[in-house]
>>> print(open('protein_9.cif').read())   # mmCIF, C-alpha atoms
data_run
loop_
_atom_site.label_atom_id
_atom_site.label_comp_id
_atom_site.auth_asym_id
_atom_site.auth_seq_id
_atom_site.Cartn_x
_atom_site.Cartn_y
_atom_site.Cartn_z
CA MET A 1 156.13 76.08 133.75
CA GLY A 2 155.90 72.33 133.07
CA ARG A 3 158.71 69.87 133.39
CA PHE A 4 159.02 69.58 129.58
CA GLU A 5 159.16 73.26 128.82
CA ASN A 6 162.94 73.68 128.62
CA ILE A 7 163.44 70.58 126.46
CA LEU A 8 160.53 71.55 124.19
CA LYS A 9 161.96 75.07 123.84
CA LYS A 10 165.16 73.54 122.46
CA SER A 11 163.08 71.28 120.18
CA ALA A 12 161.29 74.36 118.89
CA ASP A 13 164.60 76.12 118.22
CA LYS A 14 165.85 73.07 116.30
CA THR A 15 162.65 73.08 114.23
CA ASP A 16 163.13 76.80 113.51
CA LYS A 17 166.65 76.17 112.21
CA GLU A 18 165.34 73.44 109.92
CA PHE A 19 162.75 75.78 108.35
CA ILE A 20 164.73 79.00 108.54
CA SER A 21 164.13 79.96 104.89
CA ASP A 22 160.36 79.21 105.07
CA ILE A 23 160.04 81.32 108.24
CA SER A 24 161.97 84.16 106.62
CA GLY A 25 159.77 83.96 103.50
CA ILE A 26 156.62 84.28 105.63
CA SER A 27 157.75 86.87 108.15
CA ARG A 28 159.88 89.18 105.98
CA LEU A 29 159.67 90.94 102.64
CA THR A 30 162.41 90.50 100.06
CA ASP A 31 164.10 93.59 98.57
CA ASP A 32 162.18 92.95 95.35
CA GLU A 33 158.86 92.80 97.23
CA ILE A 34 159.71 96.01 99.10
CA LYS A 35 160.42 97.79 95.79
CA ARG A 36 157.24 96.38 94.25
CA ILE A 37 154.68 96.99 96.96
CA PHE A 38 155.95 99.94 99.00
CA PRO A 39 154.73 103.18 97.38
CA GLN A 40 157.53 105.65 96.65
CA ARG A 41 156.82 109.14 97.99
CA ALA A 42 157.80 112.19 95.96
CA ASP A 43 160.95 114.11 96.83
CA GLN A 44 159.65 116.03 99.88
CA GLU A 45 162.03 118.97 99.49
CA LYS A 46 161.00 119.48 95.87
CA LEU A 47 157.32 119.03 96.76
CA LEU A 48 157.48 121.68 99.51
CA LYS A 49 159.21 124.14 97.18
CA LEU A 50 156.54 123.62 94.50
CA LEU A 51 153.72 123.92 97.04
CA ALA A 52 155.21 127.18 98.35
CA ILE A 53 155.32 128.62 94.81
CA VAL A 54 151.67 127.66 94.16
CA GLN A 55 150.68 129.02 97.59
CA ASP A 56 152.38 132.36 96.80
CA ALA A 57 150.50 132.59 93.50
CA THR A 58 147.24 131.75 95.31
CA ASP A 59 147.94 134.49 97.86
CA GLU A 60 148.52 136.97 95.02
CA ASN A 61 145.18 136.03 93.46
CA GLU A 62 143.45 136.38 96.83
CA LYS A 63 144.98 139.84 97.25
CA MET A 64 143.68 140.78 93.79
CA ASN A 65 140.19 139.50 94.67
CA LYS A 66 140.25 141.42 97.96
CA LEU A 67 141.31 144.54 96.11
CA LYS A 68 138.41 144.13 93.69
CA MET A 69 135.96 143.80 96.61
CA ASN A 70 137.46 146.84 98.34
CA ILE A 71 137.17 148.88 95.13
CA GLU A 72 133.50 147.88 94.81
CA ASP A 73 132.86 148.84 98.45
CA LEU A 74 134.69 152.10 97.93
CA ALA A 75 132.67 152.83 94.76
CA GLY A 76 129.44 152.17 96.67
CA THR A 77 130.49 154.49 99.49
CA ALA A 78 131.55 157.16 96.99
CA LEU A 79 128.13 156.96 95.30
CA LYS A 80 126.38 157.37 98.69
CA LEU A 81 128.58 160.36 99.50
CA ILE A 82 127.86 161.99 96.12
CA LYS A 83 124.12 161.49 96.67
CA TYR A 84 124.43 162.98 100.15
CA VAL A 85 126.39 166.02 98.89
CA LEU A 86 124.00 166.57 95.98
CA MET B 87 169.90 143.02 68.34
CA LYS B 88 167.08 141.89 66.04
CA THR B 89 166.94 138.58 67.85
CA LYS B 90 166.41 140.55 71.08
CA TYR B 91 163.31 142.21 69.61
CA ILE B 92 161.98 138.84 68.50
CA PHE B 93 162.32 137.51 72.05
CA VAL B 94 160.78 140.65 73.55
CA PHE B 95 157.83 140.27 71.17
CA ILE B 96 157.40 136.57 71.96
CA PHE B 97 157.60 137.11 75.72
CA GLY B 98 155.25 140.07 75.46
CA CYS B 99 152.67 137.90 73.73
CA ALA B 100 153.19 135.12 76.27
CA ALA B 101 152.68 137.52 79.19
CA PHE B 102 149.54 138.92 77.56
CA LEU B 103 148.15 135.43 76.95
CA THR B 104 148.86 134.41 80.54
CA SER B 105 147.04 137.42 81.88
CA CYS B 106 144.09 136.44 79.71
CA ALA B 107 144.05 132.77 80.78
CA ASN B 108 140.61 131.63 81.81
CA VAL B 109 139.85 129.39 84.78
CA PRO B 110 136.27 128.13 84.51
CA PRO B 111 134.44 127.18 87.76
CA GLU B 112 134.34 123.63 86.39
CA ALA B 113 138.15 123.45 86.85
CA VAL B 114 137.65 123.95 90.60
CA GLN B 115 134.84 121.39 90.54
CA LEU B 116 137.09 118.87 88.71
CA SER B 117 139.85 119.41 91.23
CA GLY B 118 137.33 118.76 94.00
CA GLU B 119 136.27 115.56 92.21
CA LEU B 120 139.92 114.51 92.13
CA THR B 121 140.05 114.81 95.94
CA THR B 122 137.12 112.39 96.17
CA MET B 123 138.83 110.05 93.69
CA VAL B 124 142.08 110.13 95.70
CA ARG B 125 140.20 109.32 98.92
CA THR B 126 138.38 106.44 97.19
CA ALA B 127 141.67 105.10 95.79
CA GLU B 128 143.25 105.31 99.26
CA ALA B 129 140.37 103.38 100.85
CA SER B 130 140.62 100.76 98.10
CA HIS B 131 144.42 100.54 98.45
CA LEU B 132 144.12 100.04 102.23
CA ALA B 133 141.39 97.44 101.75
CA LEU B 134 143.68 95.57 99.33
CA LEU B 135 146.44 95.73 101.94
CA GLY B 136 143.98 94.22 104.43
CA SER B 137 143.37 91.30 102.03
CA TYR B 138 147.12 90.93 101.45
CA THR B 139 147.79 90.78 105.21
CA ALA B 140 144.97 88.27 105.73
CA GLU B 141 146.48 86.13 102.95
CA ARG B 142 149.94 86.25 104.57
CA LYS B 143 148.42 85.27 107.93
CA LYS B 144 146.69 82.36 106.23
CA ARG B 145 150.10 81.29 104.87
CA VAL B 146 151.51 81.45 108.43
CA ASP B 147 148.70 79.22 109.71
CA GLU B 148 149.17 76.76 106.85
CA PHE B 149 152.92 76.64 107.40
CA LEU B 150 152.47 76.01 111.12
CA GLU B 151 149.73 73.40 110.67
CA LYS B 152 151.30 71.48 107.80
CA THR B 153 155.05 71.91 108.33
CA TRP B 154 156.29 73.36 111.60
CA ILE B 155 153.99 71.75 114.18
CA PRO B 156 154.33 68.15 112.85
CA GLU B 157 158.12 68.49 112.75
CA PHE B 158 158.24 70.13 116.19
CA MET B 159 156.01 67.45 117.74
CA GLU B 160 158.17 64.75 116.28
CA THR B 161 161.38 66.37 117.58
CA GLY B 162 159.78 67.19 120.93
CA THR B 163 158.52 63.64 121.40
CA ARG B 164 162.00 62.33 120.64
CA ASP B 165 163.82 64.89 122.84
CA THR B 166 161.53 64.52 125.87
CA LYS B 167 161.24 60.72 125.47
CA ILE B 168 157.59 61.20 126.40
CA SER B 169 156.55 57.84 124.86
CA ASP B 170 159.06 55.97 127.05
CA LEU B 171 158.02 57.92 130.14
CA ILE B 172 154.36 57.11 129.57
CA ALA B 173 155.13 53.46 128.88
CA ALA B 174 157.19 53.23 132.07
CA GLU B 175 154.47 54.77 134.24
CA PRO B 176 152.24 52.05 135.70
CA ASP B 177 149.54 54.41 137.02
CA LYS B 178 146.91 55.29 134.41
CA ILE B 179 146.10 58.70 135.93
CA LYS B 180 149.81 59.63 136.07
CA LYS B 181 150.15 58.55 132.42
CA GLU B 182 147.35 60.96 131.53
CA ASP B 183 148.98 63.72 133.64
CA LEU B 184 152.30 63.23 131.82
CA LEU B 185 150.60 63.46 128.42
CA ARG B 186 148.58 66.54 129.48
CA GLU B 187 151.73 68.25 130.78
CA PHE B 188 153.61 67.47 127.56
CA ASN B 189 150.75 68.82 125.42
CA SER B 190 150.48 71.95 127.55
CA ASP B 191 154.24 72.70 127.33
CA ALA B 192 154.20 71.97 123.57
CA ALA B 193 151.22 74.34 123.15
CA VAL B 194 153.26 77.13 124.83
CA GLN B 195 156.01 76.77 122.19
CA ILE B 196 153.51 76.55 119.32
CA ASN B 197 151.67 79.69 120.52
CA LYS B 198 154.99 81.56 120.86
CA ARG B 199 155.89 80.72 117.25
CA ARG B 200 152.43 81.68 115.99
CA ALA B 201 152.54 85.01 117.88
CA SER B 202 156.05 85.79 116.63
CA LEU B 203 155.15 85.08 112.98
CA MET B 204 151.82 86.93 113.20
CA ASN B 205 153.57 89.93 114.78
CA ALA B 206 156.06 90.00 111.90
CA VAL B 207 153.15 90.05 109.41
CA ASP B 208 151.44 92.79 111.44
CA GLU B 209 154.66 94.84 111.38
CA ILE B 210 154.78 94.57 107.57
CA ASP B 211 151.11 95.60 107.44
CA LYS B 212 151.78 98.58 109.73
CA ALA B 213 154.80 99.79 107.71
CA LEU B 214 152.90 99.43 104.42
CA ARG B 215 149.79 101.12 105.84
CA GLU B 216 151.85 104.09 107.04
CA SER B 217 153.63 104.51 103.70
CA ILE B 218 150.31 104.27 101.79
CA VAL B 219 148.65 106.86 104.05
CA LEU B 220 151.64 109.22 103.69
CA LEU B 221 151.55 108.90 99.90
CA TYR B 222 147.82 109.71 99.72
CA ASP B 223 148.28 112.55 102.23
CA ASP B 224 150.88 114.01 99.84
CA MET B 225 148.44 113.65 96.93
CA LEU B 226 145.64 115.34 98.89
CA THR B 227 147.94 118.18 100.03
CA VAL B 228 149.03 118.80 96.44
CA ASN B 229 145.47 118.65 95.14
CA GLN B 230 144.17 120.92 97.90
CA ALA B 231 146.87 123.48 97.01
CA LEU B 232 145.87 123.23 93.34
CA THR B 233 142.15 123.48 94.18
CA ALA B 234 142.76 126.58 96.31
CA HIS B 235 144.84 128.10 93.51
CA LEU B 236 142.24 127.31 90.85
CA ARG B 237 139.49 128.73 93.10
CA SER B 238 141.40 132.01 93.58
CA ALA B 239 142.29 132.17 89.87
CA GLY B 240 138.64 131.44 89.06
CA LYS B 241 137.59 134.46 91.13
CA VAL B 242 140.09 136.61 89.23
CA THR B 243 138.66 135.33 85.93
CA GLU B 244 135.17 136.15 87.18
CA ALA B 245 136.24 139.65 88.24
CA ARG B 246 137.92 140.25 84.86
CA LYS B 247 134.79 139.04 83.04
CA GLU B 248 132.63 141.43 85.11
CA LEU B 249 135.01 144.25 84.25
CA PHE B 250 134.93 143.42 80.51
CA ASP B 251 131.11 143.16 80.64
CA LYS B 252 130.88 146.58 82.30
CA LEU B 253 133.18 148.06 79.66
CA ARG B 254 131.29 146.14 76.93
CA ILE B 255 134.48 144.57 75.62
CA ASP B 256 134.63 141.10 74.07
CA PRO B 257 138.02 139.80 75.28
CA THR B 258 138.17 137.21 72.47
CA LYS B 259 138.23 140.09 69.97
CA LEU B 260 141.00 141.94 71.80
CA LEU B 261 143.69 139.84 70.21
CA PRO B 262 143.53 137.91 66.92
CA LEU B 263 144.91 134.77 68.56
CA ASN B 264 144.85 132.48 65.52
CA LYS B 265 146.67 134.97 63.31
CA ILE B 266 149.24 135.83 65.99
CA ASN B 267 149.81 132.11 66.66
CA SER B 268 150.36 131.47 62.98
CA ILE B 269 152.89 134.31 62.80
CA LEU B 270 154.70 133.06 65.90
CA ASP B 271 154.87 129.55 64.40
CA GLN B 272 156.48 130.92 61.25
CA THR B 273 158.83 133.15 63.27
CA LEU B 274 160.03 130.15 65.27
CA ASP B 275 160.69 128.19 62.07
CA TYR B 276 164.44 128.73 61.68
CA LYS B 277 164.32 128.02 57.93
CA ASN B 278 162.94 131.53 57.44
CA LYS B 279 165.43 134.22 56.60
CA GLU B 280 165.92 137.15 58.91
CA GLU B 281 164.07 139.52 56.50
CA ASP B 282 161.09 137.15 56.45
CA ILE B 283 161.00 137.15 60.24
CA LEU B 284 161.08 140.95 60.34
CA ASN B 285 158.23 141.08 57.80
CA LEU B 286 156.21 138.67 59.90
CA LEU B 287 156.81 140.78 63.00
CA ALA B 288 155.71 143.90 61.14
CA GLU B 289 152.53 142.04 60.11
CA ALA B 290 151.89 141.10 63.74
CA LYS B 291 152.41 144.68 64.89
CA THR B 292 149.92 145.90 62.27
CA LEU B 293 147.37 143.35 63.48
CA LEU B 294 147.79 144.55 67.06
CA LYS B 295 147.52 148.22 66.02
CA GLU B 296 144.29 147.48 64.11
CA LYS B 297 142.79 146.27 67.37
#
>>> encode(input="protein_9.cif", output="structure tokens")
Amino acid sequence: MGRFENILKKSADKTDKEFISDISGISRLTDDEIKRIFPQRADQEKLLKLLAIVQDATDENEKMNKLKMNIEDLAGTALKLIKYVL
Amino acid sequence: MKTKYIFVFIFGCAAFLTSCANVPPEAVQLSGELTTMVRTAEASHLALLGSYTAERKKRVDEFLEKTWIPEFMETGTRDTKISDLIAAEPDKIKKEDLLREFNSDAAVQINKRRASLMNAVDEIDKALRESIVLLYDDMLTVNQALTAHLRSAGKVTEARKELFDKLRIDPTKLLPLNKINSILDQTLDYKNKEEDILNLLAEAKTLLKEK
């Protein structure tokens, strides 16, 4: 720490006070800028509800597809059994 | 009571149409393309933010170089009386030491201001970056849910098509869609009298029975 440090610190603080609005303009965003450039996320509660509904419908479709595959497998097995019996 | 039948008929048709809705594989492909587009848009958005932050940092440097530092040096020179101290010092080496010490202490203050302003800009960048990433994450989550749903619905469509093929049924001929639509349009036109609506419904029933 040099002998001028304390005095120069006060000089720096004085300079800050003189340019307070310029410093604020550079280091902060105004409310208008925040509204303009910050993206607004969707209502999370609503989004989760909608996603859950779509997920339920997807699960139903998957069940239907699984059922179809099971029926096909079952039909194949039934055919083998009939051939074996005959 | 008659109104009830009209609604039952309309909802019946709607339910039948929904069960016949087709999801082509291209819908899943399009949804996948949308994921790529969202990721590209996110990368571009973040790159733009990078440029914006760089521009703000440039403004900080310009402000310090052109405004703050000259004013600070002037105030500091006056407050420390460095010119008088140097003038009063007879030894040349000590004069140089005084000036070096003043410059070094001034540099500490200048660096503190630069760091504080740059940190503020970095904080803005960080907050914006986080909110952008969260927004695109939401978009990707929604699109992934839709893609998964379309994929599952596409498989159902495929299974139904296989079933119709096996049964040798043309699903487009199962229901005279254009005629039924036309009848529904007229039914929903409230200018028609009740008797007209009942006649239209009878016509629709006949069409369905024919099939």
>>> resolve_selection(input="protein_9.cif", expression="the PyMOL selection byres ((chain B) within 9 of (chain A))", output="mmCIF file with C-alpha atoms, keeping the file's coordinate frame")
data_model
loop_
_atom_site.group_PDB
_atom_site.id
_atom_site.type_symbol
_atom_site.label_atom_id
_atom_site.label_comp_id
_atom_site.auth_asym_id
_atom_site.auth_seq_id
_atom_site.Cartn_x
_atom_site.Cartn_y
_atom_site.Cartn_z
ATOM 1 C CA ARG B 142 149.940 86.250 104.570
ATOM 2 C CA LYS B 143 148.420 85.270 107.930
ATOM 3 C CA ARG B 145 150.100 81.290 104.870
ATOM 4 C CA VAL B 146 151.510 81.450 108.430
ATOM 5 C CA PHE B 149 152.920 76.640 107.400
ATOM 6 C CA THR B 153 155.050 71.910 108.330
ATOM 7 C CA TRP B 154 156.290 73.360 111.600
ATOM 8 C CA ILE B 155 153.990 71.750 114.180
ATOM 9 C CA GLU B 157 158.120 68.490 112.750
ATOM 10 C CA PHE B 158 158.240 70.130 116.190
ATOM 11 C CA MET B 159 156.010 67.450 117.740
ATOM 12 C CA THR B 161 161.380 66.370 117.580
ATOM 13 C CA GLY B 162 159.780 67.190 120.930
ATOM 14 C CA THR B 163 158.520 63.640 121.400
ATOM 15 C CA ASP B 165 163.820 64.890 122.840
ATOM 16 C CA THR B 166 161.530 64.520 125.870
ATOM 17 C CA GLU B 187 151.730 68.250 130.780
ATOM 18 C CA PHE B 188 153.610 67.470 127.560
ATOM 19 C CA SER B 190 150.480 71.950 127.550
ATOM 20 C CA ASP B 191 154.240 72.700 127.330
ATOM 21 C CA ALA B 192 154.200 71.970 123.570
ATOM 22 C CA VAL B 194 153.260 77.130 124.830
ATOM 23 C CA GLN B 195 156.010 76.770 122.190
ATOM 24 C CA ILE B 196 153.510 76.550 119.320
ATOM 25 C CA ARG B 199 155.890 80.720 117.250
ATOM 26 C CA SER B 202 156.050 85.790 116.630
ATOM 27 C CA LEU B 203 155.150 85.080 112.980
ATOM 28 C CA MET B 204 151.820 86.930 113.200
ATOM 29 C CA ASN B 205 153.570 89.930 114.780
ATOM 30 C CA ALA B 206 156.060 90.000 111.900
ATOM 31 C CA VAL B 207 153.150 90.050 109.410
ATOM 32 C CA ILE B 210 154.780 94.570 107.570
ATOM 33 C CA ALA B 213 154.800 99.790 107.710
ATOM 34 C CA LEU B 214 152.900 99.430 104.420
ATOM 35 C CA SER B 217 153.630 104.510 103.700
ATOM 36 C CA ILE B 218 150.310 104.270 101.790
ATOM 37 C CA LEU B 220 151.640 109.220 103.690
ATOM 38 C CA LEU B 221 151.550 108.900 99.900
ATOM 39 C CA ASP B 224 150.880 114.010 99.840
ATOM 40 C CA THR B 227 147.940 118.180 100.030
ATOM 41 C CA VAL B 228 149.030 118.800 96.440
ATOM 42 C CA ALA B 231 146.870 123.480 97.010
ATOM 43 C CA LEU B 232 145.870 123.230 93.340
ATOM 44 C CA ALA B 234 142.760 126.580 96.310
ATOM 45 C CA HIS B 235 144.840 128.100 93.510
ATOM 46 C CA LEU B 236 142.240 127.310 90.850
ATOM 47 C CA ARG B 237 139.490 128.730 93.100
ATOM 48 C CA SER B 238 141.400 132.010 93.580
ATOM 49 C CA ALA B 239 142.290 132.170 89.870
ATOM 50 C CA LYS B 241 137.590 134.460 91.130
ATOM 51 C CA VAL B 242 140.090 136.610 89.230
ATOM 52 C CA ALA B 245 136.240 139.650 88.240
#
>>> axis_aligned_box(input="protein_9.cif", around="segment 14-31 of chain A", padding_each_side="5 Å", output="AutoDock Vina command-line options")
--center_x 161.6 --center_y 83.3 --center_z 107.4 --size_x 20.0 --size_y 30.5 --size_z 27.7
>>> atom_distance(input="protein_9.cif", atom1="atom CA of His131 of chain B", atom2="atom CA of Asp208 of chain B")
16.7 Å
>>> atom_distance(input="protein_9.cif", atom1="atom CA of Glu33 of chain A", atom2="atom CA of Leu120 of chain B")
29.3 Å
>>> atom_distance(input="protein_9.cif", atom1="atom CA of Gln230 of chain B", atom2="atom CA of Ser117 of chain B")
8.1 Å
>>> closest_residue(input="protein_9.cif", among="B:Arg200, B:Lys252, B:Arg246, B:Lys178", to="Leu150 of chain B", atoms="all atoms listed in the file")
B:Arg200
>>> residues_around(input="protein_9.cif", residues="Ala113 of chain B", least_positions_apart="2", cutoff="9 Å", atoms="all atoms listed in the file", output="MDAnalysis selection string")
chainID B and resid 109:111 115:118 233 236:237 240
